[in-house]
>>> print(open('upload.cif').read())   # mmCIF, C-alpha atoms
data_structure
loop_
_atom_site.group_PDB
_atom_site.id
_atom_site.type_symbol
_atom_site.label_atom_id
_atom_site.label_comp_id
_atom_site.auth_asym_id
_atom_site.auth_seq_id
_atom_site.Cartn_x
_atom_site.Cartn_y
_atom_site.Cartn_z
ATOM 1 C CA MET A 1 19.939 43.185 -40.795
ATOM 2 C CA SER A 2 19.766 42.707 -44.594
ATOM 3 C CA ILE A 3 17.279 39.863 -44.536
ATOM 4 C CA ASN A 4 16.167 40.583 -48.104
ATOM 5 C CA ARG A 5 19.662 39.579 -49.234
ATOM 6 C CA VAL A 6 19.488 36.149 -47.575
ATOM 7 C CA ALA A 7 19.161 33.471 -50.264
ATOM 8 C CA LEU A 8 17.843 29.932 -50.003
ATOM 9 C CA TYR A 9 21.294 28.538 -50.693
ATOM 10 C CA HIS A 10 22.584 30.297 -47.559
ATOM 11 C CA LEU A 11 20.019 28.510 -45.414
ATOM 12 C CA GLU A 12 20.389 25.181 -47.220
ATOM 13 C CA THR A 13 24.147 25.302 -46.636
ATOM 14 C CA LEU A 14 23.653 26.068 -42.947
ATOM 15 C CA LEU A 15 21.287 23.108 -42.555
ATOM 16 C CA TRP A 16 23.731 20.708 -44.210
ATOM 17 C CA ILE A 17 26.552 21.914 -41.960
ATOM 18 C CA ASP A 18 24.342 21.184 -38.961
ATOM 19 C CA ARG A 19 23.316 17.753 -40.298
ATOM 20 C CA LEU A 20 26.778 16.573 -41.309
ATOM 21 C CA GLY A 21 28.885 18.324 -38.697
ATOM 22 C CA THR A 22 31.586 19.970 -40.827
ATOM 23 C CA PHE A 23 31.970 22.523 -43.593
ATOM 24 C CA SER A 24 33.859 20.010 -45.728
ATOM 25 C CA ALA A 25 31.094 17.388 -45.495
ATOM 26 C CA ALA A 26 28.476 20.010 -46.372
ATOM 27 C CA ALA A 27 30.574 21.129 -49.339
ATOM 28 C CA GLU A 28 30.797 17.571 -50.642
ATOM 29 C CA ARG A 29 27.049 17.051 -50.227
ATOM 30 C CA LEU A 30 26.271 20.315 -52.039
ATOM 31 C CA ASN A 31 28.790 19.600 -54.797
ATOM 32 C CA THR A 32 30.832 22.706 -54.057
ATOM 33 C CA THR A 33 34.070 23.609 -52.260
ATOM 34 C CA GLN A 34 34.808 24.235 -48.604
ATOM 35 C CA PRO A 35 35.884 27.857 -49.316
ATOM 36 C CA ALA A 36 32.536 28.424 -51.051
ATOM 37 C CA VAL A 37 30.683 27.065 -48.012
ATOM 38 C CA SER A 38 32.750 29.290 -45.703
ATOM 39 C CA ALA A 39 31.989 32.310 -47.901
ATOM 40 C CA ARG A 40 28.255 31.574 -47.778
ATOM 41 C CA MET A 41 28.313 31.414 -43.997
ATOM 42 C CA ARG A 42 30.253 34.678 -43.735
ATOM 43 C CA GLU A 43 27.674 36.318 -45.995
ATOM 44 C CA LEU A 44 24.821 34.910 -43.931
ATOM 45 C CA GLU A 45 26.339 36.161 -40.678
ATOM 46 C CA GLN A 46 26.938 39.603 -42.175
ATOM 47 C CA ARG A 47 23.408 39.883 -43.540
ATOM 48 C CA LEU A 48 21.789 38.701 -40.315
ATOM 49 C CA GLY A 49 24.119 40.811 -38.193
ATOM 50 C CA THR A 50 24.902 38.021 -35.749
ATOM 51 C CA PRO A 51 27.540 35.264 -35.443
ATOM 52 C CA LEU A 52 26.243 31.777 -36.216
ATOM 53 C CA PHE A 53 29.395 29.830 -35.279
ATOM 54 C CA HIS A 54 31.857 29.683 -32.416
ATOM 55 C CA ARG A 55 35.334 29.471 -33.911
ATOM 56 C CA ASP A 56 38.129 27.825 -31.924
ATOM 57 C CA GLY A 57 41.081 27.086 -34.170
ATOM 58 C CA ARG A 58 39.879 24.586 -36.732
ATOM 59 C CA THR A 59 36.780 23.550 -34.816
ATOM 60 C CA MET A 60 33.433 25.303 -35.176
ATOM 61 C CA ALA A 61 30.114 24.949 -33.405
ATOM 62 C CA LEU A 62 26.761 26.662 -33.811
ATOM 63 C CA THR A 63 25.977 29.562 -31.515
ATOM 64 C CA ALA A 64 22.597 29.826 -29.805
ATOM 65 C CA ALA A 65 21.451 32.057 -32.674
ATOM 66 C CA GLY A 66 22.729 29.508 -35.187
ATOM 67 C CA ARG A 67 20.897 26.648 -33.492
ATOM 68 C CA LYS A 68 17.661 28.663 -33.398
ATOM 69 C CA LEU A 69 17.968 29.531 -37.093
ATOM 70 C CA VAL A 70 18.468 25.842 -37.971
ATOM 71 C CA ARG A 71 15.486 24.817 -35.854
ATOM 72 C CA ASP A 72 13.234 27.469 -37.368
ATOM 73 C CA CYS A 73 14.342 27.107 -41.005
ATOM 74 C CA ASP A 74 14.462 23.321 -41.318
ATOM 75 C CA PRO A 75 10.650 22.843 -41.429
ATOM 76 C CA LEU A 76 10.229 25.941 -43.608
ATOM 77 C CA LEU A 77 12.595 24.639 -46.278
ATOM 78 C CA ARG A 78 11.027 21.189 -46.090
ATOM 79 C CA ASP A 79 7.565 22.689 -46.592
ATOM 80 C CA MET A 80 8.838 24.732 -49.533
ATOM 81 C CA GLN A 81 10.303 21.614 -51.156
ATOM 82 C CA LEU A 82 7.021 19.784 -50.652
ATOM 83 C CA ALA A 83 5.103 22.677 -52.185
ATOM 84 C CA LEU A 84 7.360 22.750 -55.234
ATOM 85 C CA LEU A 85 7.154 18.982 -55.635
ATOM 86 C CA GLY A 86 3.417 19.163 -55.197
ATOM 87 C CA SER A 87 3.118 21.385 -58.253
ATOM 88 C CA GLY A 88 5.006 19.018 -60.532
ATOM 89 C CA GLY A 89 5.258 15.765 -58.611
ATOM 90 C CA PHE A 90 8.420 13.794 -58.111
ATOM 91 C CA ALA A 91 8.802 13.566 -61.879
ATOM 92 C CA GLU A 92 9.997 17.179 -61.647
ATOM 93 C CA ALA A 93 12.377 16.530 -58.740
ATOM 94 C CA SER A 94 16.059 17.155 -59.321
ATOM 95 C CA GLY A 95 19.310 16.784 -57.452
ATOM 96 C CA VAL A 96 21.926 14.128 -56.745
ATOM 97 C CA VAL A 97 21.149 11.112 -54.542
ATOM 98 C CA ARG A 98 23.954 8.850 -53.405
ATOM 99 C CA ILE A 99 23.017 5.214 -52.844
ATOM 100 C CA GLY A 100 25.302 2.683 -51.198
ATOM 101 C CA ALA A 101 24.784 -1.059 -51.423
ATOM 102 C CA GLY A 102 26.516 -4.310 -50.666
ATOM 103 C CA GLU A 103 27.193 -6.797 -53.437
ATOM 104 C CA ILE A 104 24.280 -8.995 -52.421
ATOM 105 C CA ALA A 105 21.724 -6.176 -52.595
ATOM 106 C CA ALA A 106 23.315 -4.966 -55.809
ATOM 107 C CA ALA A 107 22.824 -8.400 -57.341
ATOM 108 C CA SER A 108 19.233 -8.825 -56.208
ATOM 109 C CA CYS A 109 16.917 -5.880 -55.568
ATOM 110 C CA LEU A 110 18.966 -2.858 -56.625
ATOM 111 C CA PRO A 111 18.869 -3.064 -60.456
ATOM 112 C CA ALA A 112 15.065 -3.180 -60.701
ATOM 113 C CA PHE A 113 14.674 -0.589 -57.937
ATOM 114 C CA VAL A 114 17.018 1.880 -59.634
ATOM 115 C CA THR A 115 15.328 1.331 -63.002
ATOM 116 C CA ARG A 116 11.901 2.152 -61.556
ATOM 117 C CA LEU A 117 13.298 5.120 -59.667
ATOM 118 C CA LYS A 118 14.834 6.642 -62.804
ATOM 119 C CA ALA A 119 11.605 6.105 -64.723
ATOM 120 C CA ASP A 120 9.640 8.020 -62.070
ATOM 121 C CA MET A 121 12.320 10.639 -61.311
ATOM 122 C CA PRO A 122 14.221 11.156 -64.564
ATOM 123 C CA GLN A 123 15.877 14.405 -63.482
ATOM 124 C CA VAL A 124 17.367 12.960 -60.301
ATOM 125 C CA ALA A 125 20.981 11.897 -60.802
ATOM 126 C CA LEU A 126 21.963 8.731 -58.942
ATOM 127 C CA GLU A 127 25.458 7.903 -57.723
ATOM 128 C CA ILE A 128 25.752 4.243 -56.697
ATOM 129 C CA GLU A 129 28.653 2.822 -54.734
ATOM 130 C CA ILE A 130 29.135 -0.871 -53.950
ATOM 131 C CA ASP A 131 30.962 -1.596 -50.700
ATOM 132 C CA LEU A 132 31.001 -3.734 -47.572
ATOM 133 C CA THR A 133 28.406 -3.099 -44.883
ATOM 134 C CA ALA A 134 30.814 -1.556 -42.356
ATOM 135 C CA ASN A 135 31.980 0.988 -44.921
ATOM 136 C CA LEU A 136 28.416 1.724 -46.055
ATOM 137 C CA ILE A 137 27.318 2.615 -42.527
ATOM 138 C CA GLN A 138 30.316 4.885 -42.015
ATOM 139 C CA GLN A 139 29.658 6.650 -45.320
ATOM 140 C CA LEU A 140 26.024 7.092 -44.345
ATOM 141 C CA LEU A 141 26.904 8.600 -40.965
ATOM 142 C CA THR A 142 29.379 11.047 -42.491
ATOM 143 C CA GLY A 143 26.984 12.162 -45.221
ATOM 144 C CA ARG A 144 28.897 10.667 -48.135
ATOM 145 C CA THR A 145 25.907 8.410 -48.829
ATOM 146 C CA ASP A 146 22.213 9.307 -48.546
ATOM 147 C CA ILE A 147 20.617 5.854 -48.508
ATOM 148 C CA ALA A 148 22.222 2.457 -47.964
ATOM 149 C CA PHE A 149 21.143 -1.137 -48.592
ATOM 150 C CA ALA A 150 23.134 -3.123 -46.060
ATOM 151 C CA ALA A 151 23.245 -6.399 -44.201
ATOM 152 C CA GLY A 152 21.755 -6.055 -40.757
ATOM 153 C CA PRO A 153 21.054 -5.674 -38.032
ATOM 154 C CA ILE A 154 21.819 -1.945 -38.105
ATOM 155 C CA ALA A 155 21.519 -0.168 -34.774
ATOM 156 C CA HIS A 156 22.578 3.471 -34.491
ATOM 157 C CA PRO A 157 20.657 6.396 -32.968
ATOM 158 C CA ALA A 158 21.494 8.628 -35.944
ATOM 159 C CA LEU A 159 19.984 6.176 -38.455
ATOM 160 C CA LYS A 160 16.504 4.948 -39.232
ATOM 161 C CA THR A 161 16.134 1.582 -40.904
ATOM 162 C CA SER A 162 13.549 -0.704 -42.432
ATOM 163 C CA PRO A 163 13.928 -4.469 -43.027
ATOM 164 C CA ILE A 164 13.677 -5.610 -46.640
ATOM 165 C CA GLY A 165 14.031 -9.361 -46.197
ATOM 166 C CA GLU A 166 16.601 -12.107 -45.921
ATOM 167 C CA VAL A 167 19.006 -13.775 -48.315
ATOM 168 C CA GLU A 168 19.683 -17.520 -48.204
ATOM 169 C CA LEU A 169 23.288 -18.729 -48.058
ATOM 170 C CA VAL A 170 24.493 -21.958 -49.712
ATOM 171 C CA TRP A 171 27.654 -24.074 -49.742
ATOM 172 C CA LEU A 172 28.949 -24.422 -53.302
ATOM 173 C CA ALA A 173 31.886 -25.757 -55.299
ATOM 174 C CA ASN A 174 32.486 -26.776 -58.872
ATOM 175 C CA PRO A 175 31.366 -30.358 -59.654
ATOM 176 C CA ALA A 176 34.877 -31.869 -59.494
ATOM 177 C CA VAL A 177 35.733 -30.348 -56.126
ATOM 178 C CA ALA A 178 32.306 -31.276 -54.729
ATOM 179 C CA ALA A 179 32.712 -34.896 -55.869
ATOM 180 C CA ALA A 180 36.207 -35.151 -54.385
ATOM 181 C CA PHE A 181 35.028 -33.702 -51.100
ATOM 182 C CA ALA A 182 32.075 -36.121 -50.988
ATOM 183 C CA GLY A 183 34.509 -38.992 -51.645
ATOM 184 C CA GLY A 184 36.456 -38.197 -48.483
ATOM 185 C CA GLU A 185 39.475 -36.473 -49.990
ATOM 186 C CA ALA A 186 41.338 -33.784 -48.051
ATOM 187 C CA MET A 187 39.468 -30.624 -47.148
ATOM 188 C CA PRO A 188 39.739 -28.169 -50.040
ATOM 189 C CA PRO A 189 40.310 -24.442 -49.417
ATOM 190 C CA VAL A 190 37.286 -22.694 -47.923
ATOM 191 C CA TRP A 191 36.450 -19.144 -49.001
ATOM 192 C CA SER A 192 34.551 -16.470 -47.088
ATOM 193 C CA LEU A 193 34.003 -12.757 -47.346
ATOM 194 C CA ALA A 194 36.168 -10.580 -45.100
ATOM 195 C CA SER A 195 35.779 -10.469 -41.328
ATOM 196 C CA HIS A 196 33.505 -7.392 -41.271
ATOM 197 C CA SER A 197 30.973 -9.108 -43.537
ATOM 198 C CA PRO A 198 27.947 -10.914 -42.023
ATOM 199 C CA ILE A 199 28.728 -13.895 -44.272
ATOM 200 C CA HIS A 200 32.037 -14.258 -42.454
ATOM 201 C CA GLY A 201 30.152 -14.580 -39.181
ATOM 202 C CA ARG A 202 28.041 -17.376 -40.658
ATOM 203 C CA MET A 203 31.251 -19.055 -41.819
ATOM 204 C CA ARG A 204 32.733 -18.932 -38.320
ATOM 205 C CA GLU A 205 29.570 -20.487 -36.876
ATOM 206 C CA ALA A 206 29.675 -23.232 -39.503
ATOM 207 C CA ILE A 207 33.340 -23.995 -38.852
ATOM 208 C CA ALA A 208 32.589 -24.427 -35.158
ATOM 209 C CA ALA A 209 29.883 -26.981 -36.070
ATOM 210 C CA SER A 210 31.822 -28.937 -38.701
ATOM 211 C CA ARG A 211 35.041 -30.799 -39.489
ATOM 212 C CA ILE A 212 36.479 -27.818 -41.340
ATOM 213 C CA ALA A 213 39.974 -26.950 -40.147
ATOM 214 C CA GLN A 214 40.611 -23.324 -39.294
ATOM 215 C CA LYS A 215 43.698 -23.348 -41.505
ATOM 216 C CA SER A 216 41.512 -24.068 -44.521
ATOM 217 C CA LEU A 217 39.795 -20.674 -44.312
ATOM 218 C CA ASN A 218 40.639 -17.981 -46.850
ATOM 219 C CA LEU A 219 39.185 -14.481 -47.079
ATOM 220 C CA CYS A 220 38.196 -12.283 -50.001
ATOM 221 C CA ASN A 221 36.421 -8.908 -49.932
ATOM 222 C CA ASN A 222 34.658 -9.469 -53.259
ATOM 223 C CA ALA A 223 31.865 -12.029 -53.627
ATOM 224 C CA ARG A 224 32.112 -12.129 -57.422
ATOM 225 C CA MET A 225 35.813 -13.000 -57.193
ATOM 226 C CA MET A 226 34.955 -15.800 -54.750
ATOM 227 C CA ILE A 227 32.419 -17.187 -57.193
ATOM 228 C CA ASP A 228 35.025 -17.168 -59.971
ATOM 229 C CA ILE A 229 37.535 -18.934 -57.708
ATOM 230 C CA ALA A 230 35.006 -21.650 -56.878
ATOM 231 C CA ARG A 231 34.097 -22.086 -60.554
ATOM 232 C CA ALA A 232 37.798 -22.540 -61.361
ATOM 233 C CA GLY A 233 38.097 -25.340 -58.777
ATOM 234 C CA GLY A 234 39.850 -23.261 -56.130
ATOM 235 C CA GLY A 235 37.771 -24.447 -53.222
ATOM 236 C CA ILE A 236 34.338 -24.321 -51.635
ATOM 237 C CA GLY A 237 32.536 -21.354 -50.175
ATOM 238 C CA ILE A 238 29.415 -19.836 -48.720
ATOM 239 C CA PHE A 239 27.557 -17.763 -51.272
ATOM 240 C CA PRO A 240 24.341 -15.726 -51.329
ATOM 241 C CA ARG A 241 21.877 -17.635 -53.499
ATOM 242 C CA PRO A 242 20.763 -14.615 -55.591
ATOM 243 C CA MET A 243 24.337 -14.142 -56.814
ATOM 244 C CA VAL A 244 24.865 -17.733 -57.977
ATOM 245 C CA ARG A 245 21.560 -18.695 -59.594
ATOM 246 C CA GLY A 246 23.084 -18.566 -63.067
ATOM 247 C CA GLU A 247 26.120 -20.683 -62.166
ATOM 248 C CA VAL A 248 23.968 -23.293 -60.376
ATOM 249 C CA ALA A 249 21.467 -23.451 -63.236
ATOM 250 C CA ALA A 250 24.321 -23.961 -65.713
ATOM 251 C CA GLY A 251 25.932 -26.688 -63.569
ATOM 252 C CA ALA A 252 29.144 -24.680 -63.083
ATOM 253 C CA LEU A 253 28.599 -24.781 -59.321
ATOM 254 C CA VAL A 254 26.794 -27.408 -57.236
ATOM 255 C CA GLU A 255 25.564 -27.464 -53.677
ATOM 256 C CA ILE A 256 27.612 -29.484 -51.205
ATOM 257 C CA ALA A 257 25.678 -31.953 -49.096
ATOM 258 C CA ALA A 258 26.218 -32.697 -45.398
ATOM 259 C CA MET A 259 27.511 -29.224 -44.535
ATOM 260 C CA PRO A 260 26.295 -27.281 -41.496
ATOM 261 C CA ALA A 261 23.082 -25.318 -41.968
ATOM 262 C CA LEU A 262 23.515 -21.607 -42.548
ATOM 263 C CA ALA A 263 21.339 -18.894 -41.087
ATOM 264 C CA PRO A 264 20.149 -16.369 -43.695
ATOM 265 C CA VAL A 265 21.431 -12.786 -43.776
ATOM 266 C CA ALA A 266 18.891 -10.056 -43.047
ATOM 267 C CA PHE A 267 19.026 -6.836 -45.046
ATOM 268 C CA HIS A 268 17.850 -3.326 -44.244
ATOM 269 C CA VAL A 269 17.610 0.005 -46.005
ATOM 270 C CA ALA A 270 18.921 2.897 -43.922
ATOM 271 C CA MET A 271 19.138 6.686 -43.960
ATOM 272 C CA ARG A 272 20.044 9.408 -41.478
ATOM 273 C CA VAL A 273 17.323 10.495 -39.050
ATOM 274 C CA ALA A 274 18.315 14.133 -39.592
ATOM 275 C CA ASP A 275 17.654 13.965 -43.348
ATOM 276 C CA THR A 276 14.175 15.333 -43.834
ATOM 277 C CA GLU A 277 14.379 16.281 -47.510
ATOM 278 C CA PRO A 278 11.140 15.121 -49.165
ATOM 279 C CA LEU A 279 13.046 13.559 -52.068
ATOM 280 C CA LEU A 280 15.212 11.387 -49.810
ATOM 281 C CA MET A 281 12.266 10.447 -47.632
ATOM 282 C CA GLN A 282 10.262 9.423 -50.709
ATOM 283 C CA ILE A 283 13.111 7.231 -51.995
ATOM 284 C CA PHE A 284 13.554 5.669 -48.545
ATOM 285 C CA GLU A 285 9.824 4.890 -48.326
ATOM 286 C CA ARG A 286 9.953 3.213 -51.725
ATOM 287 C CA ALA A 287 13.027 1.207 -50.748
ATOM 288 C CA ALA A 288 11.379 0.115 -47.491
ATOM 289 C CA LYS A 289 8.662 -1.645 -49.523
ATOM 290 C CA LEU A 290 11.185 -3.911 -51.258
ATOM 291 C CA ASP A 291 11.114 -7.649 -50.633
ATOM 292 C CA LEU A 292 14.365 -9.488 -51.293
ATOM 293 C CA ALA A 293 12.515 -12.789 -51.554
ATOM 294 C CA GLU A 294 10.454 -11.440 -54.442
ATOM 295 C CA ALA A 295 13.462 -9.784 -56.077
ATOM 296 C CA ALA A 296 15.448 -13.008 -55.948
ATOM 297 C CA GLY A 297 12.594 -15.180 -57.151
#
>>> encode(input="upload.cif", output="structure tokens")
Amino acid sequence: MSINRVALYHLETLLWIDRLGTFSAAAERLNTTQPAVSARMRELEQRLGTPLFHRDGRTMALTAAGRKLVRDCDPLLRDMQLALLGSGGFAEASGVVRIGAGEIAAASCLPAFVTRLKADMPQVALEIEIDLTANLIQQLLTGRTDIAFAAGPIAHPALKTSPIGEVELVWLANPAVAAAFAGGEAMPPVWSLASHSPIHGRMREAIAASRIAQKSLNLCNNARMMIDIARAGGGIGIFPRPMVRGEVAAGALVEIAAMPALAPVAFHVAMRVADTEPLLMQIFERAAKLDLAEAAG
């Protein structure tokens, strides 16, 4: 056993394979290639003198020795990271953190949060991706995203979450469309986010409680595009208030009276339970203290 030739990157790679389930996912997380990950694991096995993976065609699973090494090394590496951060604080932290967010979070709490985060952790590179909640959760589970701001509720045994508040929804249209609708003219087109968005669920509930015809409903997977359509007189829609404050203040969009009440959308921040890196845990703890009501105020 050539234990003196085992490097930290060997053990870090092994832990990410265990956390994410595949060599390819670990390679993406570590910003390297799958062949490089495979080479590291071959080196580790050779230097320890024991197989760490069962190989069956294209599928691989940890052996008993591999599982024991992961269990023993995970807290050791975490303690080492904490010790290194303790000497310089999180201002000295480095690495790449991938943050996923829906449009609503991106328009409310995310800009100020990211600005503060970069001020406190200038050497940490952030990669931000805006997507729908269903996609964000999938990316989180597969390790493509480290932390996600998503519409809830989020219930999955592999994820831990913290609520960060609710966002109010409002019915809006441009002044001409709103006046025509109030005057009893034909129902204009109604716009909602796509079916896997929580706003779409609120729309369905509202339709069931109103005179809106099902055929009037149109879908769009981009809230900003919906806002532009409404401003141009293309119909009415349900919008998150933080995203339309400017348009309402300028009179480009107005609230529509006598429409069914809309339940707010709850938001959560989420990360994988298996991620115990001090940097990610610190960012999650900071995100968990956010309050959407304050951010939108």
>>> resolve_selection(input="upload.cif", expression="the PyMOL selection byres ((chain A and resi 163) around 9)", output="list of chain:residue names")
A:Gly152, A:Pro153, A:Thr161, A:Ser162, A:Ile164, A:Gly165, A:Glu166, A:Ala266, A:Phe267, A:His268, A:Val269, A:Ala270, A:Ala288, A:Lys289, A:Leu290, A:Asp291
>>> atom_distance(input="upload.cif", atom1="atom CA of A:Arg42", atom2="atom CA of A:Glu28")
18.5 Å
>>> residues_near_point(input="upload.cif", point="(24.3, -5.4, -44.5)", cutoff="9 Å", atoms="only C-alpha atoms", output="compact mmCIF listing (two decimals) with C-alpha atoms, in the coordinates of the input")
# COMPACT_ATOMS: atom_id res chain seq x y z
CA ALA A 101 24.78 -1.06 -51.42
CA GLY A 102 26.52 -4.31 -50.67
CA ILE A 104 24.28 -8.99 -52.42
CA ALA A 105 21.72 -6.18 -52.60
CA LEU A 132 31.00 -3.73 -47.57
CA THR A 133 28.41 -3.10 -44.88
CA ALA A 134 30.81 -1.56 -42.36
CA LEU A 136 28.42 1.72 -46.06
CA ILE A 137 27.32 2.62 -42.53
CA ALA A 148 22.22 2.46 -47.96
CA PHE A 149 21.14 -1.14 -48.59
CA ALA A 150 23.13 -3.12 -46.06
CA ALA A 151 23.24 -6.40 -44.20
CA GLY A 152 21.76 -6.06 -40.76
CA PRO A 153 21.05 -5.67 -38.03
CA ILE A 154 21.82 -1.94 -38.10
CA SER A 197 30.97 -9.11 -43.54
CA PRO A 198 27.95 -10.91 -42.02
CA VAL A 265 21.43 -12.79 -43.78
CA ALA A 266 18.89 -10.06 -43.05
CA PHE A 267 19.03 -6.84 -45.05
CA HIS A 268 17.85 -3.33 -44.24
CA VAL A 269 17.61 0.00 -46.00
>>> atom_distance(input="upload.cif", atom1="atom CA of A:Arg67", atom2="atom CA of A:Ala36")
21.1 Å
>>> closest_residue(input="upload.cif", among="A:Trp16, A:Trp191, A:Phe23, A:Tyr9", to="A:Glu43", atoms="all atoms listed in the file")
A:Tyr9
>>> closest_residue(input="upload.cif", among="A:Leu292, A:Cys220, A:Ala261, A:Leu172", to="A:Gly237", atoms="all atoms listed in the file")
A:Leu172
>>> closest_residue(input="upload.cif", among="A:Thr22, A:Ser38, A:Gln81, A:Ser192", to="A:Glu277", atoms="all atoms listed in the file")
A:Gln81
>>> atom_distance(input="upload.cif", atom1="atom CA of A:Met226", atom2="atom CA of A:Asp146")
28.8 Å
>>> resolve_selection(input="upload.cif", expression="the PyMOL selection byres ((chain A and resi 206) around 10)", output="PDB file with C-alpha atoms, in the coordinates of the input")
ATOM      1  CA  HIS A 200      32.037 -14.258 -42.454  1.00  0.00           C
ATOM      2  CA  GLY A 201      30.152 -14.580 -39.181  1.00  0.00           C
ATOM      3  CA  ARG A 202      28.041 -17.376 -40.658  1.00  0.00           C
ATOM      4  CA  MET A 203      31.251 -19.055 -41.819  1.00  0.00           C
ATOM      5  CA  ARG A 204      32.733 -18.932 -38.320  1.00  0.00           C
ATOM      6  CA  GLU A 205      29.570 -20.487 -36.876  1.00  0.00           C
ATOM      7  CA  ILE A 207      33.340 -23.995 -38.852  1.00  0.00           C
ATOM      8  CA  ALA A 208      32.589 -24.427 -35.158  1.00  0.00           C
ATOM      9  CA  ALA A 209      29.883 -26.981 -36.070  1.00  0.00           C
ATOM     10  CA  SER A 210      31.822 -28.937 -38.701  1.00  0.00           C
ATOM     11  CA  ARG A 211      35.041 -30.799 -39.489  1.00  0.00           C
ATOM     12  CA  ILE A 212      36.479 -27.818 -41.340  1.00  0.00           C
ATOM     13  CA  ILE A 238      29.415 -19.836 -48.720  1.00  0.00           C
ATOM     14  CA  MET A 259      27.511 -29.224 -44.535  1.00  0.00           C
ATOM     15  CA  PRO A 260      26.295 -27.281 -41.496  1.00  0.00           C
ATOM     16  CA  ALA A 261      23.082 -25.318 -41.968  1.00  0.00           C
ATOM     17  CA  LEU A 262      23.515 -21.607 -42.548  1.00  0.00           C
ATOM     18  CA  ALA A 263      21.339 -18.894 -41.087  1.00  0.00           C
TER      19      ALA A 263
END
>>> closest_residue(input="upload.cif", among="A:Ala106, A:Leu69, A:Ile256, A:Leu48", to="A:Gly183", atoms="all atoms listed in the file")
A:Ile256
>>> build_atoms(input="upload.cif", residues="stretch 255-267 of chain A", atoms="N, CA, C and O atoms", output="CSV table (one decimal), in the frame of the given file")
chain,number,residue,atom,x,y,z
A,255,GLU,N,25.6,-27.5,-55.1
A,255,GLU,CA,25.6,-27.5,-53.7
A,255,GLU,C,26.3,-28.7,-53.1
A,255,GLU,O,26.3,-29.8,-53.6
A,256,ILE,N,26.9,-28.4,-51.9
A,256,ILE,CA,27.6,-29.5,-51.2
A,256,ILE,C,26.7,-30.0,-50.1
A,256,ILE,O,26.3,-29.3,-49.2
A,257,ALA,N,26.5,-31.3,-50.1
A,257,ALA,CA,25.7,-32.0,-49.1
A,257,ALA,C,26.4,-32.1,-47.8
A,257,ALA,O,27.7,-32.1,-47.7
A,258,ALA,N,25.7,-32.4,-46.7
A,258,ALA,CA,26.2,-32.7,-45.4
A,258,ALA,C,27.1,-31.6,-44.8
A,258,ALA,O,28.0,-31.9,-44.0
A,259,MET,N,26.8,-30.3,-45.2
A,259,MET,CA,27.5,-29.2,-44.5
A,259,MET,C,26.6,-28.6,-43.5
A,259,MET,O,25.4,-28.7,-43.6
A,260,PRO,N,27.1,-27.9,-42.5
A,260,PRO,CA,26.3,-27.3,-41.5
A,260,PRO,C,25.3,-26.3,-42.1
A,260,PRO,O,25.6,-25.6,-43.1
A,261,ALA,N,24.1,-26.3,-41.5
A,261,ALA,CA,23.1,-25.3,-42.0
A,261,ALA,C,23.5,-23.9,-41.7
A,261,ALA,O,24.3,-23.6,-40.8
A,262,LEU,N,23.1,-23.0,-42.6
A,262,LEU,CA,23.5,-21.6,-42.5
A,262,LEU,C,22.3,-20.7,-42.3
A,262,LEU,O,21.3,-20.8,-43.0
A,263,ALA,N,22.4,-19.8,-41.3
A,263,ALA,CA,21.3,-18.9,-41.1
A,263,ALA,C,21.3,-17.8,-42.2
A,263,ALA,O,22.4,-17.4,-42.7
A,264,PRO,N,20.2,-17.4,-42.6
A,264,PRO,CA,20.1,-16.4,-43.7
A,264,PRO,C,20.7,-15.0,-43.2
A,264,PRO,O,20.8,-14.8,-42.0
A,265,VAL,N,21.0,-14.1,-44.1
A,265,VAL,CA,21.4,-12.8,-43.8
A,265,VAL,C,20.3,-11.8,-44.0
A,265,VAL,O,19.7,-11.8,-45.1
A,266,ALA,N,20.0,-11.1,-42.9
A,266,ALA,CA,18.9,-10.1,-43.0
A,266,ALA,C,19.4,-8.8,-43.6
A,266,ALA,O,20.6,-8.4,-43.4
A,267,PHE,N,18.6,-8.1,-44.4
A,267,PHE,CA,19.0,-6.8,-45.0
A,267,PHE,C,18.1,-5.7,-44.7
A,267,PHE,O,16.9,-5.9,-44.4
